[in-house]
Amino acid sequence: MDKFIEIDKIAYDYNRLDEEGNVEGVNRALDGVSIDAKRGEFITILGANGSGKSTLAKHINALLFPAEGTVTVDGNNTADEEKLLEIRQCAGMIFQNPDNQIIGTIVEEDVAFGPENMGVESKEIRERVDESLKAVGMYDYRESSPNKLSGGQKQRVSIAGVLAMHPKCIIMDEPTAMLDPQGRREVIRAARALNDVEGITIILITHYMEEAIYSDRIYVMDAGRVVMEGTPKEIFSKTEELKSHKLTIPQVTAVAVALKEAGLNLPDGILSRKELVAELARLKKE
Amino acid sequence: MLKDITLGQYYRADSVIHRLDPRTKIVGTLVYMISLFLFNNLICYVFAAVFLTFVVGLSKIPPKFMFRGMRSVLFLLVFTVIYNIFLSTGTVIVKFWVFTITYEGIQQAVCMLIRLFLLIVGSSLMTLTTTPNQLTDGLESLFKPLKIFKVPVHEMAMMMSIALRFIPILMEETDRIMKAQIARGADLENRNIFIRVKSLIPILVPLFVSAFRRAGDLALAMEARCYHGGEGRTRMKAMSFSAGDIVAWVILAGYIFAVVFLGVTFKTFPEFLVLEMKAGLEYLIPTLSAR
């Protein structure tokens, strides 16, 4: 399969400023990062705070440009200014704070913002808005004010806003960091549904391990580098290595590991509760 | 306390007024405002008030909701009345201590009170029945001719709609910061106005910092959603005048005609009302000062 998103050894520097605003030095936020995603894949990027994962996300959407290396989205290089809008349309982005990314004062007006910018015709915008709101289960709230929604609902509206642009890929930059468990579940469920049903490539950036278990592949970042790569099973089997990158393993996996250490004959890389229950049932039978 | 202001808050309902084109509503509000300043005439105001009541009735907005926003401007109203009653010159009705109450003063005060009241209700009716986005769309379309003079009409409209969207969010934030500062012992209820003003600084500074951070985030989110100025932008709800708008224009024309007619026909205050007031005050003030 073709590589839909290809990030090739990119580097990005933030200028460190002193109190008067002079450049004091540079912080290398990304250092030789290479990541790729196939069409329809669900990729998770894990990393502790300050690992550079958000900076990386902004590169895919052409909000930031690499100092070195190249970012290619659907065959377009993000450095090509003429393709800027095309790239942003193709790769939508969801941010962390639900309040700071809703532009409209009414839910449906906000969802319409993207297609309006793209110059889509009025009638088609209407169709896209309804369709996107239905896809995230927010159609009943289409005429509400965003201020009256819960965090999870706001994030779903944001997702609908991106969806209305008919993207091929959605990058989610810690979309659940400011939500309660209920909201987190809503958002992740919506993301998985889009991936399964619509075949949209999802790049989820998070530091919640539980959210990573459904992805096809995981990249782990630390200090601006990609330090681990693999399927959830592979990644979460390496407890010690994850710990060295300031990350933990999902709760269920931790339980499984502890049980194994206590002498139970369990396999490595148990991720979901369902799996654990099944394995335990099997052991019981034996 | 901060949540009381309904200005710029859309009240969701399905009414004739809600369905009007925003341009009709903006021009209508403007015409209504002008009509209030055309004549200093009580009969005109009564007519304007009746007209407004009729429109509010059509809009299906509960009166309670309308008046909730008035509380914040109550001070302005009281101030205007006092200012006009005591500081106008003209025919003296009563005089006590340093105050003189004049016939013109009372007339002015009553007029200004009614005028301001109708003005506020009228304009909040517009913001209550029109979503801020519709409002800015309407303004943008009305001001389009200014583009010839290189006025950034679209950008201004966008800024306005974003400002309106963030008013409630920043209000909530202010509330939160205030509570946080009170929890740390900030004295926000001191009687001394200087101390109180000074204690606003630790509220305003974090508020500004957070507003700037939000602005940065929002700009990024807008860019990510392909925003690139007004060029080539389309609308989901393209504005178009409907039959209802034509009816509204006709009613509006009838209204302004009626106001002008009433204003020209009747002169200022009805005489009997002034006499009544004069008698009342002449009775009231000596009794009060006698205490």
# chains A, B, ... in the order shown; residues from 1 in each chain; ligands from 1
call {"tool": "select_by_dssp", "arguments": {"residues": "region 12-182 of chain A", "states": "strand (DSSP E or B)", "output": "PyMOL selection string"}}
result
chain A and resi 12-17+23-38+42-47+68-73+76-77+91-94+169-173
call {"tool": "interface_residues", "arguments": {"of": "chain A", "to": "chain B", "cutoff": "9 Å", "atoms": "only C-alpha atoms", "output": "VMD selection string"}}
result
chain A and resid 58 61 to 63 84 to 86 88 to 89 91 to 95 97 99 to 106 109 112 to 126 129 143 to 145 147 161 to 162 165
call {"tool": "select_by_dssp", "arguments": {"residues": "region 76-167 of chain B", "states": "helix (DSSP H, G or I)", "output": "NGL selection string"}}
result
:B and (76-87 or 103-129 or 132-149 or 153-167)
call {"tool": "atom_distance", "arguments": {"atom1": "CA of Ala13 (chain B)", "atom2": "CA of Arg142 (chain A)"}}
result
13.6 Å
call {"tool": "residues_around", "arguments": {"residues": "region 167-169 of chain A", "least_positions_apart": "3", "cutoff": "10 Å", "atoms": "only C-alpha atoms", "output": "short mmCIF file (atom, residue, chain, number, x, y, z; two decimals) with all heavy atoms, in the first residue's frame"}}
result
data_model
loop_
_atom_site.label_atom_id
_atom_site.label_comp_id
_atom_site.auth_asym_id
_atom_site.auth_seq_id
_atom_site.Cartn_x
_atom_site.Cartn_y
_atom_site.Cartn_z
N PHE A 4 0.67 7.17 2.81
CA PHE A 4 -0.19 8.33 2.70
C PHE A 4 0.49 9.56 3.32
O PHE A 4 0.56 10.63 2.74
CB PHE A 4 -1.50 8.03 3.40
CG PHE A 4 -2.45 9.17 3.45
CD1 PHE A 4 -2.93 9.73 2.27
CD2 PHE A 4 -2.88 9.70 4.65
CE1 PHE A 4 -3.80 10.79 2.29
CE2 PHE A 4 -3.75 10.76 4.67
CZ PHE A 4 -4.22 11.30 3.51
N ILE A 5 1.04 9.35 4.51
CA ILE A 5 1.80 10.41 5.16
C ILE A 5 3.22 9.92 5.32
O ILE A 5 3.45 8.79 5.78
CB ILE A 5 1.22 10.75 6.54
CG1 ILE A 5 -0.14 11.42 6.36
CG2 ILE A 5 2.16 11.64 7.33
CD1 ILE A 5 -0.89 11.59 7.64
N ALA A 37 2.49 6.75 7.57
CA ALA A 37 1.17 6.17 7.80
C ALA A 37 0.57 5.78 6.46
O ALA A 37 0.66 6.52 5.50
CB ALA A 37 0.27 7.18 8.50
N ARG A 39 -2.78 4.65 4.14
CA ARG A 39 -4.18 5.06 4.05
C ARG A 39 -5.04 4.17 4.95
O ARG A 39 -4.93 2.95 4.91
CB ARG A 39 -4.62 4.91 2.60
CG ARG A 39 -5.63 5.92 2.15
CD ARG A 39 -5.85 5.77 0.68
NE ARG A 39 -4.83 6.45 -0.10
CZ ARG A 39 -4.90 7.74 -0.43
NH1 ARG A 39 -5.92 8.46 -0.06
NH2 ARG A 39 -3.93 8.31 -1.13
N GLY A 40 -5.86 4.78 5.76
CA GLY A 40 -6.79 4.02 6.59
C GLY A 40 -6.18 3.44 7.86
O GLY A 40 -6.83 2.70 8.57
N GLU A 41 -4.96 3.80 8.15
CA GLU A 41 -4.33 3.27 9.36
C GLU A 41 -4.73 4.08 10.58
O GLU A 41 -5.10 5.25 10.47
CB GLU A 41 -2.80 3.32 9.22
CG GLU A 41 -2.19 1.95 9.22
CD GLU A 41 -0.67 2.02 9.20
OE1 GLU A 41 -0.08 2.97 8.68
OE2 GLU A 41 -0.08 1.10 9.75
N PHE A 42 -4.65 3.46 11.73
CA PHE A 42 -4.87 4.16 13.00
C PHE A 42 -3.53 4.15 13.73
O PHE A 42 -3.07 3.12 14.19
CB PHE A 42 -5.94 3.45 13.82
CG PHE A 42 -6.47 4.25 14.97
CD1 PHE A 42 -7.84 4.46 15.11
CD2 PHE A 42 -5.62 4.80 15.91
CE1 PHE A 42 -8.34 5.20 16.17
CE2 PHE A 42 -6.12 5.54 16.97
CZ PHE A 42 -7.48 5.74 17.09
N ILE A 60 2.28 17.90 10.25
CA ILE A 60 1.49 17.15 9.27
C ILE A 60 0.44 18.04 8.64
O ILE A 60 0.08 17.89 7.49
CB ILE A 60 0.82 15.92 9.95
CG1 ILE A 60 1.90 15.09 10.67
CG2 ILE A 60 0.09 15.06 8.93
CD1 ILE A 60 1.34 13.98 11.51
N ASN A 61 -0.04 19.01 9.42
CA ASN A 61 -1.08 19.90 8.95
C ASN A 61 -0.52 21.19 8.34
O ASN A 61 -1.24 22.12 8.04
CB ASN A 61 -1.97 20.24 10.16
CG ASN A 61 -3.28 20.85 9.77
OD1 ASN A 61 -3.51 22.02 10.04
ND2 ASN A 61 -4.12 20.09 9.11
N VAL A 73 2.30 14.78 2.50
CA VAL A 73 0.94 14.33 2.79
C VAL A 73 0.23 14.08 1.47
O VAL A 73 0.06 15.00 0.68
CB VAL A 73 0.18 15.39 3.62
CG1 VAL A 73 -1.24 14.93 3.88
CG2 VAL A 73 0.89 15.66 4.93
N ASP A 74 -0.17 12.87 1.25
CA ASP A 74 -0.87 12.48 0.03
C ASP A 74 -0.14 12.97 -1.23
O ASP A 74 -0.74 13.52 -2.14
CB ASP A 74 -2.30 13.06 0.06
CG ASP A 74 -3.24 12.26 -0.84
OD1 ASP A 74 -2.84 11.15 -1.26
OD2 ASP A 74 -4.34 12.74 -1.13
N GLU A 86 -4.73 22.69 0.22
CA GLU A 86 -5.05 21.32 -0.14
C GLU A 86 -4.63 20.36 0.97
O GLU A 86 -5.36 19.44 1.35
CB GLU A 86 -4.33 20.99 -1.44
CG GLU A 86 -4.95 19.88 -2.23
CD GLU A 86 -4.25 19.72 -3.56
OE1 GLU A 86 -4.10 20.73 -4.28
OE2 GLU A 86 -3.81 18.60 -3.85
N ILE A 87 -3.43 20.61 1.51
CA ILE A 87 -2.93 19.74 2.58
C ILE A 87 -3.79 19.88 3.82
O ILE A 87 -4.16 18.90 4.45
CB ILE A 87 -1.46 20.09 2.89
CG1 ILE A 87 -0.58 19.66 1.73
CG2 ILE A 87 -1.01 19.44 4.19
CD1 ILE A 87 0.82 20.20 1.80
N ARG A 88 -4.13 21.13 4.16
CA ARG A 88 -4.93 21.34 5.37
C ARG A 88 -6.32 20.75 5.23
O ARG A 88 -6.93 20.35 6.22
CB ARG A 88 -5.01 22.83 5.68
CG ARG A 88 -3.69 23.32 6.20
CD ARG A 88 -3.75 24.73 6.65
NE ARG A 88 -2.42 25.15 7.09
CZ ARG A 88 -2.00 26.38 7.07
NH1 ARG A 88 -2.80 27.35 6.66
NH2 ARG A 88 -0.80 26.68 7.49
N GLN A 89 -6.83 20.72 4.03
CA GLN A 89 -8.15 20.13 3.80
C GLN A 89 -8.06 18.62 3.94
O GLN A 89 -8.93 17.96 4.48
CB GLN A 89 -8.65 20.54 2.41
CG GLN A 89 -10.03 20.02 2.08
CD GLN A 89 -9.97 18.73 1.30
OE1 GLN A 89 -9.19 18.62 0.36
NE2 GLN A 89 -10.78 17.77 1.68
N CYS A 90 -6.96 18.09 3.44
CA CYS A 90 -6.77 16.64 3.39
C CYS A 90 -6.44 16.07 4.77
O CYS A 90 -6.87 14.98 5.12
CB CYS A 90 -5.65 16.37 2.39
SG CYS A 90 -5.00 14.75 2.44
N ALA A 91 -5.71 16.85 5.55
CA ALA A 91 -5.32 16.40 6.88
C ALA A 91 -5.88 17.36 7.92
O ALA A 91 -5.32 18.40 8.19
CB ALA A 91 -3.80 16.32 7.01
N GLY A 92 -7.03 17.02 8.47
CA GLY A 92 -7.66 17.88 9.47
C GLY A 92 -7.01 17.72 10.82
O GLY A 92 -6.31 16.74 11.07
N MET A 93 -7.24 18.68 11.69
CA MET A 93 -6.57 18.61 12.99
C MET A 93 -7.52 18.96 14.13
O MET A 93 -8.31 19.88 14.04
CB MET A 93 -5.41 19.59 12.97
CG MET A 93 -4.60 19.54 14.21
SD MET A 93 -2.86 19.66 13.81
CE MET A 93 -2.18 19.68 15.44
N VAL A 162 -14.05 19.16 11.38
CA VAL A 162 -12.98 18.68 10.50
C VAL A 162 -13.56 17.74 9.44
O VAL A 162 -13.22 17.80 8.27
CB VAL A 162 -11.88 17.98 11.33
CG1 VAL A 162 -10.93 17.22 10.44
CG2 VAL A 162 -11.13 19.01 12.15
N LEU A 163 -14.48 16.90 9.90
CA LEU A 163 -15.08 15.89 9.02
C LEU A 163 -15.80 16.54 7.84
O LEU A 163 -15.79 16.01 6.72
CB LEU A 163 -16.07 15.09 9.84
CG LEU A 163 -16.25 13.62 9.52
CD1 LEU A 163 -14.92 12.93 9.53
CD2 LEU A 163 -17.19 13.00 10.53
N ALA A 164 -16.41 17.70 8.10
CA ALA A 164 -17.18 18.38 7.05
C ALA A 164 -16.28 18.85 5.91
O ALA A 164 -16.74 19.19 4.84
CB ALA A 164 -17.93 19.57 7.64
N MET A 172 -5.16 14.07 15.72
CA MET A 172 -5.75 14.50 16.98
C MET A 172 -4.65 14.73 18.00
O MET A 172 -3.99 13.79 18.41
CB MET A 172 -6.72 13.43 17.49
CG MET A 172 -7.82 13.16 16.50
SD MET A 172 -8.93 11.94 17.18
CE MET A 172 -10.34 12.20 16.14
N LEU A 194 -14.79 6.54 12.91
CA LEU A 194 -14.39 7.18 11.65
C LEU A 194 -13.37 6.34 10.93
O LEU A 194 -13.37 6.20 9.71
CB LEU A 194 -13.80 8.57 11.92
CG LEU A 194 -14.76 9.60 12.46
CD1 LEU A 194 -14.05 10.93 12.65
CD2 LEU A 194 -15.92 9.77 11.50
N ASN A 195 -12.47 5.76 11.72
CA ASN A 195 -11.43 4.92 11.13
C ASN A 195 -12.03 3.66 10.53
O ASN A 195 -11.71 3.29 9.39
CB ASN A 195 -10.40 4.58 12.21
CG ASN A 195 -9.25 3.80 11.65
OD1 ASN A 195 -9.10 2.63 11.96
ND2 ASN A 195 -8.45 4.44 10.81
N GLU A 198 -15.47 5.01 7.90
CA GLU A 198 -15.17 5.89 6.78
C GLU A 198 -13.77 5.65 6.22
O GLU A 198 -13.40 6.23 5.20
CB GLU A 198 -15.29 7.36 7.22
CG GLU A 198 -16.43 7.62 8.15
CD GLU A 198 -17.60 8.29 7.46
OE1 GLU A 198 -17.39 8.88 6.39
OE2 GLU A 198 -18.72 8.20 7.98
N GLY A 199 -12.98 4.85 6.91
CA GLY A 199 -11.63 4.57 6.42
C GLY A 199 -10.70 5.76 6.48
O GLY A 199 -9.76 5.87 5.71
N ILE A 200 -10.99 6.67 7.41
CA ILE A 200 -10.13 7.85 7.53
C ILE A 200 -8.90 7.50 8.36
O ILE A 200 -8.99 6.84 9.40
CB ILE A 200 -10.91 9.00 8.20
CG1 ILE A 200 -12.00 9.48 7.25
CG2 ILE A 200 -9.99 10.14 8.59
CD1 ILE A 200 -12.95 10.46 7.85
N THR A 201 -7.75 7.91 7.87
CA THR A 201 -6.50 7.69 8.60
C THR A 201 -6.54 8.54 9.87
O THR A 201 -6.85 9.72 9.81
CB THR A 201 -5.31 8.13 7.74
OG1 THR A 201 -5.46 7.56 6.46
CG2 THR A 201 -4.00 7.71 8.37
N ILE A 202 -6.23 7.94 11.00
CA ILE A 202 -6.24 8.69 12.25
C ILE A 202 -4.83 8.68 12.83
O ILE A 202 -4.19 7.64 12.91
CB ILE A 202 -7.20 8.06 13.29
CG1 ILE A 202 -8.62 7.94 12.73
CG2 ILE A 202 -7.16 8.82 14.59
CD1 ILE A 202 -9.49 9.14 12.88
N ILE A 203 -4.37 9.84 13.21
CA ILE A 203 -3.13 9.92 13.96
C ILE A 203 -3.47 10.52 15.31
O ILE A 203 -3.83 11.69 15.41
CB ILE A 203 -2.08 10.76 13.21
CG1 ILE A 203 -1.75 10.06 11.90
CG2 ILE A 203 -0.84 10.95 14.07
CD1 ILE A 203 -0.71 10.74 11.08
#
call {"tool": "residues_around", "arguments": {"residues": "His154 (chain B)", "least_positions_apart": "4", "cutoff": "10 Å", "atoms": "only C-alpha atoms", "output": "list in words"}}
result
Thr136, Asp137, Leu139, Glu140, Ser141, Phe143, Lys144, Lys147, Met158, Met159, Met160, Gly229, Gly230 and Glu231 of chain B
call {"tool": "atom_distance", "arguments": {"atom1": "CA of Ile34 (chain B)", "atom2": "CA of Leu118 (chain B)"}}
result
11.5 Å
call {"tool": "residues_around", "arguments": {"residues": "Leu38 (chain B)", "least_positions_apart": "2", "cutoff": "8 Å", "atoms": "only C-alpha atoms", "output": "PyMOL selection string"}}
result
chain B and resi 34-36+40+260+263
call {"tool": "write_last_selection", "arguments": {"atoms": "N, CA, C and O atoms", "output": "short mmCIF file (atom, residue, chain, number, x, y, z; two decimals), in the first residue's frame"}}
result
data_model
loop_
_atom_site.label_atom_id
_atom_site.label_comp_id
_atom_site.auth_asym_id
_atom_site.auth_seq_id
_atom_site.Cartn_x
_atom_site.Cartn_y
_atom_site.Cartn_z
N ILE B 34 -33.24 55.48 15.47
CA ILE B 34 -33.35 56.85 14.96
C ILE B 34 -34.73 57.42 15.29
O ILE B 34 -34.85 58.56 15.73
N SER B 35 -35.74 56.55 15.15
CA SER B 35 -37.11 57.02 15.40
C SER B 35 -37.26 57.52 16.83
O SER B 35 -38.04 58.42 17.11
N LEU B 36 -36.49 56.92 17.76
CA LEU B 36 -36.58 57.33 19.16
C LEU B 36 -35.99 58.71 19.38
O LEU B 36 -36.33 59.40 20.33
N ASN B 40 -39.02 64.62 20.69
CA ASN B 40 -39.05 64.59 22.14
C ASN B 40 -40.50 64.59 22.57
O ASN B 40 -40.99 65.55 23.12
N VAL B 260 -43.36 59.88 12.52
CA VAL B 260 -43.19 61.24 12.02
C VAL B 260 -44.52 61.98 12.08
O VAL B 260 -44.59 63.13 12.53
N GLY B 263 -45.28 62.80 15.66
CA GLY B 263 -44.33 63.79 16.15
C GLY B 263 -44.67 65.17 15.66
O GLY B 263 -44.51 66.16 16.38
#
call {"tool": "residues_around", "arguments": {"residues": "region 178-181 of chain A", "least_positions_apart": "4", "cutoff": "8 Å", "atoms": "only C-alpha atoms", "output": "list in words"}}
result
Gln96, Asn97, Pro98, Gly151, Gly152 and Arg185 of chain A
call {"tool": "write_last_selection", "arguments": {"atoms": "all heavy atoms", "output": "PDB file, in the first residue's frame"}}
result
ATOM      1  N   GLN A  96      -6.184  20.238  21.599  1.00  0.00           N
ATOM      2  CA  GLN A  96      -6.442  19.801  22.959  1.00  0.00           C
ATOM      3  C   GLN A  96      -7.621  20.518  23.618  1.00  0.00           C
ATOM      4  O   GLN A  96      -8.516  19.893  24.148  1.00  0.00           O
ATOM      5  CB  GLN A  96      -5.168  20.053  23.774  1.00  0.00           C
ATOM      6  CG  GLN A  96      -5.223  19.530  25.158  1.00  0.00           C
ATOM      7  CD  GLN A  96      -3.935  19.850  25.894  1.00  0.00           C
ATOM      8  OE1 GLN A  96      -3.552  20.997  26.046  1.00  0.00           O
ATOM      9  NE2 GLN A  96      -3.249  18.844  26.351  1.00  0.00           N
ATOM     10  N   ASN A  97      -7.596  21.850  23.558  1.00  0.00           N
ATOM     11  CA  ASN A  97      -8.596  22.605  24.301  1.00  0.00           C
ATOM     12  C   ASN A  97      -9.870  22.757  23.478  1.00  0.00           C
ATOM     13  O   ASN A  97      -9.885  23.424  22.458  1.00  0.00           O
ATOM     14  CB  ASN A  97      -8.032  23.984  24.642  1.00  0.00           C
ATOM     15  CG  ASN A  97      -8.920  24.729  25.606  1.00  0.00           C
ATOM     16  OD1 ASN A  97     -10.136  24.581  25.577  1.00  0.00           O
ATOM     17  ND2 ASN A  97      -8.318  25.528  26.454  1.00  0.00           N
ATOM     18  N   PRO A  98     -10.966  22.150  23.942  1.00  0.00           N
ATOM     19  CA  PRO A  98     -12.188  22.184  23.133  1.00  0.00           C
ATOM     20  C   PRO A  98     -12.734  23.601  22.945  1.00  0.00           C
ATOM     21  O   PRO A  98     -13.334  23.907  21.932  1.00  0.00           O
ATOM     22  CB  PRO A  98     -13.164  21.309  23.910  1.00  0.00           C
ATOM     23  CG  PRO A  98     -12.591  21.148  25.259  1.00  0.00           C
ATOM     24  CD  PRO A  98     -11.124  21.368  25.163  1.00  0.00           C
ATOM     25  N   GLY A 151     -17.404  18.914  27.697  1.00  0.00           N
ATOM     26  CA  GLY A 151     -16.121  18.861  26.998  1.00  0.00           C
ATOM     27  C   GLY A 151     -16.092  17.821  25.892  1.00  0.00           C
ATOM     28  O   GLY A 151     -15.633  18.088  24.782  1.00  0.00           O
ATOM     29  N   GLY A 152     -16.601  16.631  26.206  1.00  0.00           N
ATOM     30  CA  GLY A 152     -16.596  15.561  25.211  1.00  0.00           C
ATOM     31  C   GLY A 152     -17.458  15.911  24.009  1.00  0.00           C
ATOM     32  O   GLY A 152     -17.105  15.633  22.871  1.00  0.00           O
ATOM     33  N   ARG A 185     -14.048   8.687  26.568  1.00  0.00           N
ATOM     34  CA  ARG A 185     -14.608   7.528  25.880  1.00  0.00           C
ATOM     35  C   ARG A 185     -15.362   7.952  24.625  1.00  0.00           C
ATOM     36  O   ARG A 185     -15.213   7.345  23.562  1.00  0.00           O
ATOM     37  CB  ARG A 185     -15.559   6.767  26.817  1.00  0.00           C
ATOM     38  CG  ARG A 185     -14.885   5.612  27.553  1.00  0.00           C
ATOM     39  CD  ARG A 185     -15.923   4.670  28.140  1.00  0.00           C
ATOM     40  NE  ARG A 185     -16.818   5.369  29.063  1.00  0.00           N
ATOM     41  CZ  ARG A 185     -16.550   5.579  30.348  1.00  0.00           C
ATOM     42  NH1 ARG A 185     -15.424   5.155  30.857  1.00  0.00           N
ATOM     43  NH2 ARG A 185     -17.409   6.198  31.131  1.00  0.00           N
TER      44      ARG A 185
END
call {"tool": "decode", "arguments": {"residues": "region 36-44 of chain A", "atoms": "all heavy atoms", "output": "compact mmCIF listing (two decimals), in the first residue's frame"}}
result
# COMPACT_ATOMS: atom_id res chain seq x y z
N ASP A 36 5.66 7.22 9.20
CA ASP A 36 4.81 7.14 8.02
C ASP A 36 3.49 6.49 8.38
O ASP A 36 3.37 5.81 9.40
CB ASP A 36 5.51 6.36 6.89
CG ASP A 36 5.88 4.97 7.33
OD1 ASP A 36 4.97 4.12 7.37
OD2 ASP A 36 7.07 4.73 7.65
N ALA A 37 2.49 6.75 7.57
CA ALA A 37 1.17 6.17 7.80
C ALA A 37 0.57 5.78 6.46
O ALA A 37 0.66 6.52 5.50
CB ALA A 37 0.27 7.18 8.50
N LYS A 38 -0.02 4.61 6.45
CA LYS A 38 -0.71 4.16 5.23
C LYS A 38 -2.14 4.68 5.27
O LYS A 38 -2.66 5.03 6.32
CB LYS A 38 -0.70 2.64 5.14
CG LYS A 38 0.66 2.04 4.95
CD LYS A 38 0.54 0.55 4.74
CE LYS A 38 1.82 -0.18 5.08
NZ LYS A 38 2.05 -0.34 6.53
N ARG A 39 -2.78 4.65 4.14
CA ARG A 39 -4.18 5.06 4.05
C ARG A 39 -5.04 4.17 4.95
O ARG A 39 -4.93 2.95 4.91
CB ARG A 39 -4.62 4.91 2.60
CG ARG A 39 -5.63 5.92 2.15
CD ARG A 39 -5.85 5.77 0.68
NE ARG A 39 -4.83 6.45 -0.10
CZ ARG A 39 -4.90 7.74 -0.43
NH1 ARG A 39 -5.92 8.46 -0.06
NH2 ARG A 39 -3.93 8.31 -1.13
N GLY A 40 -5.86 4.78 5.76
CA GLY A 40 -6.79 4.02 6.59
C GLY A 40 -6.18 3.44 7.86
O GLY A 40 -6.83 2.70 8.57
N GLU A 41 -4.96 3.80 8.15
CA GLU A 41 -4.33 3.27 9.36
C GLU A 41 -4.73 4.08 10.58
O GLU A 41 -5.10 5.25 10.47
CB GLU A 41 -2.80 3.32 9.22
CG GLU A 41 -2.19 1.95 9.22
CD GLU A 41 -0.67 2.02 9.20
OE1 GLU A 41 -0.08 2.97 8.68
OE2 GLU A 41 -0.08 1.10 9.75
N PHE A 42 -4.65 3.46 11.73
CA PHE A 42 -4.87 4.16 13.00
C PHE A 42 -3.53 4.15 13.73
O PHE A 42 -3.07 3.12 14.19
CB PHE A 42 -5.94 3.45 13.82
CG PHE A 42 -6.47 4.25 14.97
CD1 PHE A 42 -7.84 4.46 15.11
CD2 PHE A 42 -5.62 4.80 15.91
CE1 PHE A 42 -8.34 5.20 16.17
CE2 PHE A 42 -6.12 5.54 16.97
CZ PHE A 42 -7.48 5.74 17.09
N ILE A 43 -2.91 5.32 13.79
CA ILE A 43 -1.58 5.43 14.37
C ILE A 43 -1.67 6.19 15.68
O ILE A 43 -2.40 7.19 15.76
CB ILE A 43 -0.64 6.22 13.42
CG1 ILE A 43 -0.60 5.56 12.04
CG2 ILE A 43 0.74 6.41 14.04
CD1 ILE A 43 0.51 4.60 11.83
N THR A 44 -0.99 5.73 16.69
CA THR A 44 -0.92 6.49 17.94
C THR A 44 0.51 6.92 18.17
O THR A 44 1.44 6.15 17.96
CB THR A 44 -1.40 5.63 19.12
OG1 THR A 44 -2.72 5.19 18.85
CG2 THR A 44 -1.40 6.44 20.40
